[in-house]
file entry.pdb (PDB, N, CA and C atoms)
ATOM      1  N   MET Z   1     -15.710  40.343 -92.581
ATOM      2  CA  MET Z   1     -15.379  39.417 -91.539
ATOM      3  C   MET Z   1     -14.738  38.177 -92.159
ATOM      4  N   ALA Z   2     -13.700  37.632 -91.492
ATOM      5  CA  ALA Z   2     -12.975  36.484 -92.026
ATOM      6  C   ALA Z   2     -13.795  35.203 -91.840
ATOM      7  N   HIS Z   3     -13.730  34.363 -92.828
ATOM      8  CA  HIS Z   3     -14.456  33.105 -92.760
ATOM      9  C   HIS Z   3     -13.561  31.948 -92.304
ATOM     10  N   LYS Z   4     -12.241  32.159 -92.224
ATOM     11  CA  LYS Z   4     -11.314  31.114 -91.769
ATOM     12  C   LYS Z   4     -10.498  31.653 -90.615
ATOM     13  N   LYS Z   5     -10.308  30.789 -89.616
ATOM     14  CA  LYS Z   5      -9.496  31.190 -88.481
ATOM     15  C   LYS Z   5      -8.029  31.237 -88.912
ATOM     16  N   ALA Z   6      -7.300  32.194 -88.405
ATOM     17  CA  ALA Z   6      -5.894  32.338 -88.785
ATOM     18  C   ALA Z   6      -5.092  31.148 -88.258
ATOM     19  N   GLY Z   7      -4.216  30.572 -89.099
ATOM     20  CA  GLY Z   7      -3.384  29.430 -88.699
ATOM     21  C   GLY Z   7      -2.221  29.900 -87.841
ATOM     22  N   SER Z   8      -1.843  29.079 -86.874
ATOM     23  CA  SER Z   8      -0.706  29.430 -86.028
ATOM     24  C   SER Z   8       0.034  28.152 -85.647
ATOM     25  N   SER Z   9       1.208  28.309 -85.082
ATOM     26  CA  SER Z   9       1.999  27.144 -84.692
ATOM     27  C   SER Z   9       1.477  26.589 -83.363
ATOM     28  N   VAL Z  10       1.738  25.316 -83.149
ATOM     29  CA  VAL Z  10       1.281  24.634 -81.955
ATOM     30  C   VAL Z  10       2.495  24.313 -81.086
ATOM     31  N   LYS Z  11       2.363  24.504 -79.773
ATOM     32  CA  LYS Z  11       3.492  24.227 -78.882
ATOM     33  C   LYS Z  11       3.604  22.749 -78.523
ATOM     34  N   ASN Z  12       2.501  22.002 -78.618
ATOM     35  CA  ASN Z  12       2.492  20.621 -78.137
ATOM     36  C   ASN Z  12       2.350  19.619 -79.272
ATOM     37  N   GLY Z  13       2.906  19.869 -80.420
ATOM     38  CA  GLY Z  13       2.688  19.019 -81.587
ATOM     39  C   GLY Z  13       3.799  18.023 -81.851
ATOM     40  N   ARG Z  14       4.491  17.536 -80.809
ATOM     41  CA  ARG Z  14       5.601  16.612 -81.008
ATOM     42  C   ARG Z  14       5.289  15.262 -80.361
ATOM     43  N   ASP Z  15       5.975  14.232 -80.863
ATOM     44  CA  ASP Z  15       5.881  12.911 -80.253
ATOM     45  C   ASP Z  15       7.200  12.199 -80.494
ATOM     46  N   SER Z  16       7.631  11.413 -79.525
ATOM     47  CA  SER Z  16       8.903  10.703 -79.668
ATOM     48  C   SER Z  16       8.650   9.266 -80.103
ATOM     49  N   ALA Z  17       9.651   8.667 -80.690
ATOM     50  CA  ALA Z  17       9.551   7.285 -81.138
ATOM     51  C   ALA Z  17       9.532   6.353 -79.940
ATOM     52  N   GLY Z  18       8.858   5.211 -80.072
ATOM     53  CA  GLY Z  18       8.824   4.217 -79.008
ATOM     54  C   GLY Z  18      10.210   3.655 -78.747
ATOM     55  N   GLN Z  19      10.446   3.149 -77.534
ATOM     56  CA  GLN Z  19      11.783   2.699 -77.155
ATOM     57  C   GLN Z  19      12.009   1.213 -77.371
ATOM     58  N   ARG Z  20      11.018   0.476 -77.830
ATOM     59  CA  ARG Z  20      11.136  -0.950 -78.157
ATOM     60  C   ARG Z  20      11.613  -1.771 -76.964
ATOM     61  N   LEU Z  21      10.990  -1.535 -75.809
ATOM     62  CA  LEU Z  21      11.333  -2.277 -74.602
ATOM     63  C   LEU Z  21      10.556  -3.590 -74.559
ATOM     64  N   GLY Z  22      10.970  -4.489 -73.690
ATOM     65  CA  GLY Z  22      10.221  -5.722 -73.479
ATOM     66  C   GLY Z  22      11.067  -6.959 -73.652
ATOM     67  N   ILE Z  23      10.405  -8.105 -73.672
ATOM     68  CA  ILE Z  23      11.070  -9.397 -73.786
ATOM     69  C   ILE Z  23      11.364  -9.666 -75.255
ATOM     70  N   LYS Z  24      12.623  -9.989 -75.552
ATOM     71  CA  LYS Z  24      13.040 -10.241 -76.932
ATOM     72  C   LYS Z  24      13.178 -11.732 -77.220
ATOM     73  N   SER Z  25      13.413 -12.546 -76.188
ATOM     74  CA  SER Z  25      13.516 -14.000 -76.347
ATOM     75  C   SER Z  25      12.631 -14.673 -75.308
ATOM     76  N   GLY Z  26      11.807 -15.607 -75.745
ATOM     77  CA  GLY Z  26      10.846 -16.245 -74.853
ATOM     78  C   GLY Z  26      11.433 -17.403 -74.067
ATOM     79  N   ASP Z  27      10.629 -17.948 -73.158
ATOM     80  CA  ASP Z  27      11.033 -19.069 -72.306
ATOM     81  C   ASP Z  27      11.261 -20.307 -73.164
ATOM     82  N   GLY Z  28      12.414 -20.959 -72.970
ATOM     83  CA  GLY Z  28      12.737 -22.156 -73.724
ATOM     84  C   GLY Z  28      13.376 -21.895 -75.072
ATOM     85  N   GLN Z  29      13.523 -20.660 -75.451
ATOM     86  CA  GLN Z  29      14.083 -20.310 -76.751
ATOM     87  C   GLN Z  29      15.606 -20.407 -76.719
ATOM     88  N   LEU Z  30      16.197 -20.893 -77.792
ATOM     89  CA  LEU Z  30      17.644 -21.024 -77.909
ATOM     90  C   LEU Z  30      18.237 -19.664 -78.275
ATOM     91  N   VAL Z  31      19.229 -19.213 -77.501
ATOM     92  CA  VAL Z  31      19.869 -17.922 -77.754
ATOM     93  C   VAL Z  31      21.379 -18.104 -77.836
ATOM     94  N   ASN Z  32      22.011 -17.252 -78.609
ATOM     95  CA  ASN Z  32      23.460 -17.251 -78.714
ATOM     96  C   ASN Z  32      24.051 -16.345 -77.658
ATOM     97  N   SER Z  33      25.317 -16.523 -77.374
ATOM     98  CA  SER Z  33      26.012 -15.669 -76.417
ATOM     99  C   SER Z  33      26.031 -14.232 -76.936
ATOM    100  N   GLY Z  34      25.672 -13.292 -76.083
ATOM    101  CA  GLY Z  34      25.651 -11.879 -76.459
ATOM    102  C   GLY Z  34      24.315 -11.368 -76.943
ATOM    103  N   SER Z  35      23.341 -12.237 -77.166
ATOM    104  CA  SER Z  35      22.044 -11.784 -77.662
ATOM    105  C   SER Z  35      21.193 -11.223 -76.522
ATOM    106  N   ILE Z  36      20.391 -10.217 -76.856
ATOM    107  CA  ILE Z  36      19.560  -9.531 -75.867
ATOM    108  C   ILE Z  36      18.327 -10.380 -75.559
ATOM    109  N   ILE Z  37      18.026 -10.533 -74.268
ATOM    110  CA  ILE Z  37      16.849 -11.296 -73.837
ATOM    111  C   ILE Z  37      15.734 -10.347 -73.422
ATOM    112  N   VAL Z  38      16.032  -9.329 -72.580
ATOM    113  CA  VAL Z  38      15.033  -8.380 -72.099
ATOM    114  C   VAL Z  38      15.612  -6.972 -72.161
ATOM    115  N   ARG Z  39      14.831  -6.025 -72.691
ATOM    116  CA  ARG Z  39      15.164  -4.606 -72.611
ATOM    117  C   ARG Z  39      14.171  -3.990 -71.648
ATOM    118  N   GLN Z  40      14.655  -3.287 -70.619
ATOM    119  CA  GLN Z  40      13.764  -2.806 -69.567
ATOM    120  C   GLN Z  40      14.271  -1.504 -68.982
ATOM    121  N   ARG Z  41      13.388  -0.844 -68.244
ATOM    122  CA  ARG Z  41      13.746   0.330 -67.447
ATOM    123  C   ARG Z  41      13.629  -0.086 -65.990
ATOM    124  N   GLY Z  42      14.732  -0.125 -65.287
ATOM    125  CA  GLY Z  42      14.707  -0.596 -63.907
ATOM    126  C   GLY Z  42      14.877  -2.099 -63.856
ATOM    127  N   MET Z  43      14.784  -2.656 -62.647
ATOM    128  CA  MET Z  43      15.064  -4.077 -62.440
ATOM    129  C   MET Z  43      13.792  -4.904 -62.293
ATOM    130  N   THR Z  44      12.930  -4.905 -63.273
ATOM    131  CA  THR Z  44      11.742  -5.748 -63.251
ATOM    132  C   THR Z  44      12.153  -7.209 -63.373
ATOM    133  N   PHE Z  45      13.074  -7.496 -64.293
ATOM    134  CA  PHE Z  45      13.637  -8.826 -64.462
ATOM    135  C   PHE Z  45      15.044  -8.807 -63.890
ATOM    136  N   LEU Z  46      15.385  -9.843 -63.117
ATOM    137  CA  LEU Z  46      16.697  -9.937 -62.496
ATOM    138  C   LEU Z  46      17.597 -10.840 -63.323
ATOM    139  N   SER Z  47      18.869 -10.521 -63.362
ATOM    140  CA  SER Z  47      19.846 -11.292 -64.105
ATOM    141  C   SER Z  47      20.265 -12.516 -63.298
ATOM    142  N   GLY Z  48      20.209 -13.689 -63.915
ATOM    143  CA  GLY Z  48      20.573 -14.922 -63.227
ATOM    144  C   GLY Z  48      21.793 -15.574 -63.859
ATOM    145  N   GLU Z  49      21.918 -16.862 -63.655
ATOM    146  CA  GLU Z  49      23.052 -17.629 -64.165
ATOM    147  C   GLU Z  49      23.043 -17.647 -65.694
ATOM    148  N   GLY Z  50      24.178 -17.385 -66.314
ATOM    149  CA  GLY Z  50      24.289 -17.409 -67.773
ATOM    150  C   GLY Z  50      23.855 -16.122 -68.436
ATOM    151  N   THR Z  51      23.564 -15.081 -67.635
ATOM    152  CA  THR Z  51      23.150 -13.797 -68.193
ATOM    153  C   THR Z  51      23.975 -12.669 -67.592
ATOM    154  N   GLY Z  52      23.963 -11.539 -68.275
ATOM    155  CA  GLY Z  52      24.630 -10.351 -67.775
ATOM    156  C   GLY Z  52      23.653  -9.195 -67.760
ATOM    157  N   LEU Z  53      24.001  -8.150 -66.982
ATOM    158  CA  LEU Z  53      23.140  -6.980 -66.860
ATOM    159  C   LEU Z  53      23.873  -5.774 -67.423
ATOM    160  N   GLY Z  54      23.268  -5.124 -68.413
ATOM    161  CA  GLY Z  54      23.877  -3.954 -69.031
ATOM    162  C   GLY Z  54      23.672  -2.706 -68.204
ATOM    163  N   ARG Z  55      24.312  -1.625 -68.633
ATOM    164  CA  ARG Z  55      24.241  -0.350 -67.922
ATOM    165  C   ARG Z  55      22.825   0.222 -67.920
ATOM    166  N   ASP Z  56      22.052  -0.067 -68.969
ATOM    167  CA  ASP Z  56      20.659   0.398 -69.038
ATOM    168  C   ASP Z  56      19.679  -0.701 -68.625
ATOM    169  N   TYR Z  57      20.135  -1.662 -67.794
ATOM    170  CA  TYR Z  57      19.346  -2.772 -67.254
ATOM    171  C   TYR Z  57      18.925  -3.790 -68.314
ATOM    172  N   THR Z  58      19.593  -3.792 -69.454
ATOM    173  CA  THR Z  58      19.331  -4.804 -70.470
ATOM    174  C   THR Z  58      19.934  -6.132 -70.030
ATOM    175  N   ILE Z  59      19.156  -7.194 -70.114
ATOM    176  CA  ILE Z  59      19.657  -8.525 -69.776
ATOM    177  C   ILE Z  59      20.048  -9.227 -71.069
ATOM    178  N   PHE Z  60      21.276  -9.751 -71.105
ATOM    179  CA  PHE Z  60      21.792 -10.413 -72.299
ATOM    180  C   PHE Z  60      22.412 -11.755 -71.907
ATOM    181  N   ALA Z  61      22.526 -12.643 -72.879
ATOM    182  CA  ALA Z  61      23.074 -13.978 -72.634
ATOM    183  C   ALA Z  61      24.595 -13.920 -72.654
ATOM    184  N   THR Z  62      25.235 -14.596 -71.688
ATOM    185  CA  THR Z  62      26.693 -14.707 -71.681
ATOM    186  C   THR Z  62      27.150 -16.073 -72.183
ATOM    187  N   VAL Z  63      26.225 -17.012 -72.291
ATOM    188  CA  VAL Z  63      26.516 -18.340 -72.839
ATOM    189  C   VAL Z  63      25.430 -18.688 -73.856
ATOM    190  N   THR Z  64      25.736 -19.619 -74.738
ATOM    191  CA  THR Z  64      24.741 -20.116 -75.684
ATOM    192  C   THR Z  64      23.916 -21.200 -75.003
ATOM    193  N   GLY Z  65      22.595 -21.082 -75.083
ATOM    194  CA  GLY Z  65      21.723 -22.072 -74.441
ATOM    195  C   GLY Z  65      20.268 -21.662 -74.514
ATOM    196  N   ARG Z  66      19.462 -22.241 -73.621
ATOM    197  CA  ARG Z  66      18.017 -21.986 -73.608
ATOM    198  C   ARG Z  66      17.642 -21.037 -72.479
ATOM    199  N   VAL Z  67      16.707 -20.132 -72.765
ATOM    200  CA  VAL Z  67      16.253 -19.124 -71.803
ATOM    201  C   VAL Z  67      15.274 -19.762 -70.829
ATOM    202  N   LYS Z  68      15.402 -19.403 -69.557
ATOM    203  CA  LYS Z  68      14.488 -19.904 -68.524
ATOM    204  C   LYS Z  68      14.050 -18.729 -67.658
ATOM    205  N   PHE Z  69      12.733 -18.489 -67.576
ATOM    206  CA  PHE Z  69      12.159 -17.463 -66.708
ATOM    207  C   PHE Z  69      11.604 -18.145 -65.465
ATOM    208  N   GLU Z  70      11.910 -17.606 -64.280
ATOM    209  CA  GLU Z  70      11.371 -18.159 -63.039
ATOM    210  C   GLU Z  70      11.098 -17.034 -62.063
ATOM    211  N   HIS Z  71      10.171 -17.256 -61.138
ATOM    212  CA  HIS Z  71       9.809 -16.229 -60.167
ATOM    213  C   HIS Z  71      10.878 -16.121 -59.091
ATOM    214  N   LYS Z  72      11.318 -14.899 -58.819
ATOM    215  CA  LYS Z  72      12.228 -14.627 -57.707
ATOM    216  C   LYS Z  72      11.406 -14.193 -56.498
ATOM    217  N   THR Z  73      10.571 -13.157 -56.691
ATOM    218  CA  THR Z  73       9.603 -12.722 -55.681
ATOM    219  C   THR Z  73       8.253 -12.632 -56.369
ATOM    220  N   ARG Z  74       7.277 -12.082 -55.666
ATOM    221  CA  ARG Z  74       5.929 -11.993 -56.236
ATOM    222  C   ARG Z  74       5.873 -11.091 -57.463
ATOM    223  N   ASP Z  75       6.718 -10.047 -57.476
ATOM    224  CA  ASP Z  75       6.643  -9.088 -58.581
ATOM    225  C   ASP Z  75       7.917  -9.025 -59.418
ATOM    226  N   LYS Z  76       8.884  -9.867 -59.140
ATOM    227  CA  LYS Z  76      10.117  -9.883 -59.933
ATOM    228  C   LYS Z  76      10.380 -11.289 -60.451
ATOM    229  N   LYS Z  77      10.944 -11.357 -61.677
ATOM    230  CA  LYS Z  77      11.304 -12.636 -62.264
ATOM    231  C   LYS Z  77      12.808 -12.679 -62.482
ATOM    232  N   ARG Z  78      13.373 -13.867 -62.376
ATOM    233  CA  ARG Z  78      14.788 -14.074 -62.655
ATOM    234  C   ARG Z  78      14.900 -14.732 -64.021
ATOM    235  N   VAL Z  79      15.878 -14.280 -64.805
ATOM    236  CA  VAL Z  79      16.118 -14.828 -66.127
ATOM    237  C   VAL Z  79      17.447 -15.573 -66.092
ATOM    238  N   ARG Z  80      17.433 -16.832 -66.520
ATOM    239  CA  ARG Z  80      18.657 -17.628 -66.612
ATOM    240  C   ARG Z  80      18.803 -18.154 -68.028
ATOM    241  N   VAL Z  81      20.053 -18.472 -68.393
ATOM    242  CA  VAL Z  81      20.309 -19.185 -69.640
ATOM    243  C   VAL Z  81      21.010 -20.472 -69.264
ATOM    244  N   ILE Z  82      20.371 -21.593 -69.575
ATOM    245  CA  ILE Z  82      20.949 -22.905 -69.301
ATOM    246  C   ILE Z  82      21.817 -23.266 -70.496
ATOM    247  N   ALA Z  83      23.099 -23.458 -70.247
ATOM    248  CA  ALA Z  83      24.065 -23.697 -71.326
ATOM    249  C   ALA Z  83      23.676 -24.915 -72.149
ATOM    250  N   ALA Z  84      24.008 -24.887 -73.437
ATOM    251  CA  ALA Z  84      23.584 -25.934 -74.366
ATOM    252  C   ALA Z  84      24.142 -27.297 -73.986
ATOM    253  N   GLY Z  85      25.357 -27.378 -73.437
ATOM    254  CA  GLY Z  85      25.944 -28.665 -73.068
ATOM    255  C   GLY Z  85      25.364 -29.247 -71.800
ATOM    256  N   THR Z  86      24.830 -28.415 -70.902
ATOM    257  CA  THR Z  86      24.358 -28.890 -69.602
ATOM    258  C   THR Z  86      22.863 -29.148 -69.549
ATOM    259  N   GLU Z  87      22.117 -28.822 -70.593
ATOM    260  CA  GLU Z  87      20.661 -29.009 -70.495
ATOM    261  C   GLU Z  87      20.279 -30.490 -70.564
ATOM    262  N   SER Z  88      21.041 -31.332 -71.248
ATOM    263  CA  SER Z  88      20.720 -32.768 -71.281
ATOM    264  C   SER Z  88      21.043 -33.413 -69.928
ATOM    265  N   VAL Z  89      22.071 -32.933 -69.237
ATOM    266  CA  VAL Z  89      22.422 -33.446 -67.916
ATOM    267  C   VAL Z  89      21.360 -33.049 -66.896
ATOM    268  N   ALA Z  90      20.826 -31.813 -66.999
ATOM    269  CA  ALA Z  90      19.794 -31.334 -66.071
ATOM    270  C   ALA Z  90      18.483 -32.104 -66.280
ATOM    271  N   ALA Z  91      18.186 -32.531 -67.513
ATOM    272  CA  ALA Z  91      16.948 -33.255 -67.777
ATOM    273  C   ALA Z  91      16.999 -34.669 -67.199
ATOM    274  N   GLU Z  92      18.202 -35.282 -67.169
ATOM    275  CA  GLU Z  92      18.342 -36.634 -66.655
ATOM    276  C   GLU Z  92      18.286 -36.675 -65.136
ATOM    277  N   ALA Z  93      18.732 -35.623 -64.482
ATOM    278  CA  ALA Z  93      18.826 -35.610 -63.014
ATOM    279  C   ALA Z  93      17.501 -35.417 -62.331
TER     280      ALA Z  93
END

call {"tool": "encode", "arguments": {"input": "entry.pdb", "output": "structure tokens"}}
result
Amino acid sequence: MAHKKAGSSVKNGRDSAGQRLGIKSGDGQLVNSGSIIVRQRGMTFLSGEGTGLGRDYTIFATVTGRVKFEHKTRDKKRVRVIAAGTESVAAEA
């Protein structure tokens, strides 16, 4: 009688790499034009002023400035980039 069970291949022995989704730049952080702010699946974060929306729902900066997160609805947030030249004017007003 055999003392070891015969080895065989497994059908479910694979795993895929993580997709590295999420927020890449925080609130108030200085970002350059073209840098990625949020990587997401679907429209959890909405694109606002100073940002663009990629084909895979990635939000990126279209101007150089500071990132601002604000609530749009109860479950969605809007992401804006306040341009570097206009943030001192907005603080005075």

call {"tool": "select_by_dssp", "arguments": {"input": "entry.pdb", "residues": "segment 2-81 of chain Z", "states": "strand (DSSP E or B)", "output": "PyMOL selection string"}}
result
chain Z and resi 22-23+30-31+36-39+45-47+51-53+59-61+65-71+77-81

call {"tool": "closest_residue", "arguments": {"input": "entry.pdb", "among": "Z:Ala84, Z:Ala61, Z:Leu21, Z:Val67", "to": "Ser35 of chain Z", "atoms": "only C-alpha atoms"}}
result
Z:Ala61

call {"tool": "resolve_selection", "arguments": {"input": "entry.pdb", "expression": "the PyMOL selection byres ((chain Z and resi 22-32) around 6.5)", "output": "PyMOL selection string"}}
result
chain Z and resi 20-21+33-40+61-69

call {"tool": "residues_around", "arguments": {"input": "entry.pdb", "residues": "Gly48 of chain Z", "least_positions_apart": "3", "cutoff": "6.5 Å", "atoms": "only N, CA and C atoms", "output": "ChimeraX atom specification"}}
result
/Z:51-52,78-81

call {"tool": "atom_distance", "arguments": {"input": "entry.pdb", "atom1": "atom CA of Ser16 of chain Z", "atom2": "atom CA of Tyr57 of chain Z"}}
result
21.1 Å

call {"tool": "atom_distance", "arguments": {"input": "entry.pdb", "atom1": "atom N of Lys72 of chain Z", "atom2": "atom N of Ser47 of chain Z"}}
result
9.8 Å

call {"tool": "atom_distance", "arguments": {"input": "entry.pdb", "atom1": "atom CA of Gly50 of chain Z", "atom2": "atom C of Lys76 of chain Z"}}
result
16.9 Å

call {"tool": "closest_residue", "arguments": {"input": "entry.pdb", "among": "Z:Gly13, Z:Gly18, Z:Gly7, Z:Gly54", "to": "Gly42 of chain Z", "atoms": "only C-alpha atoms"}}
result
Z:Gly54

call {"tool": "closest_residue", "arguments": {"input": "entry.pdb", "among": "Z:Met43, Z:Leu53, Z:Ala17, Z:Val10", "to": "Asp75 of chain Z", "atoms": "all atoms listed in the file"}}
result
Z:Met43
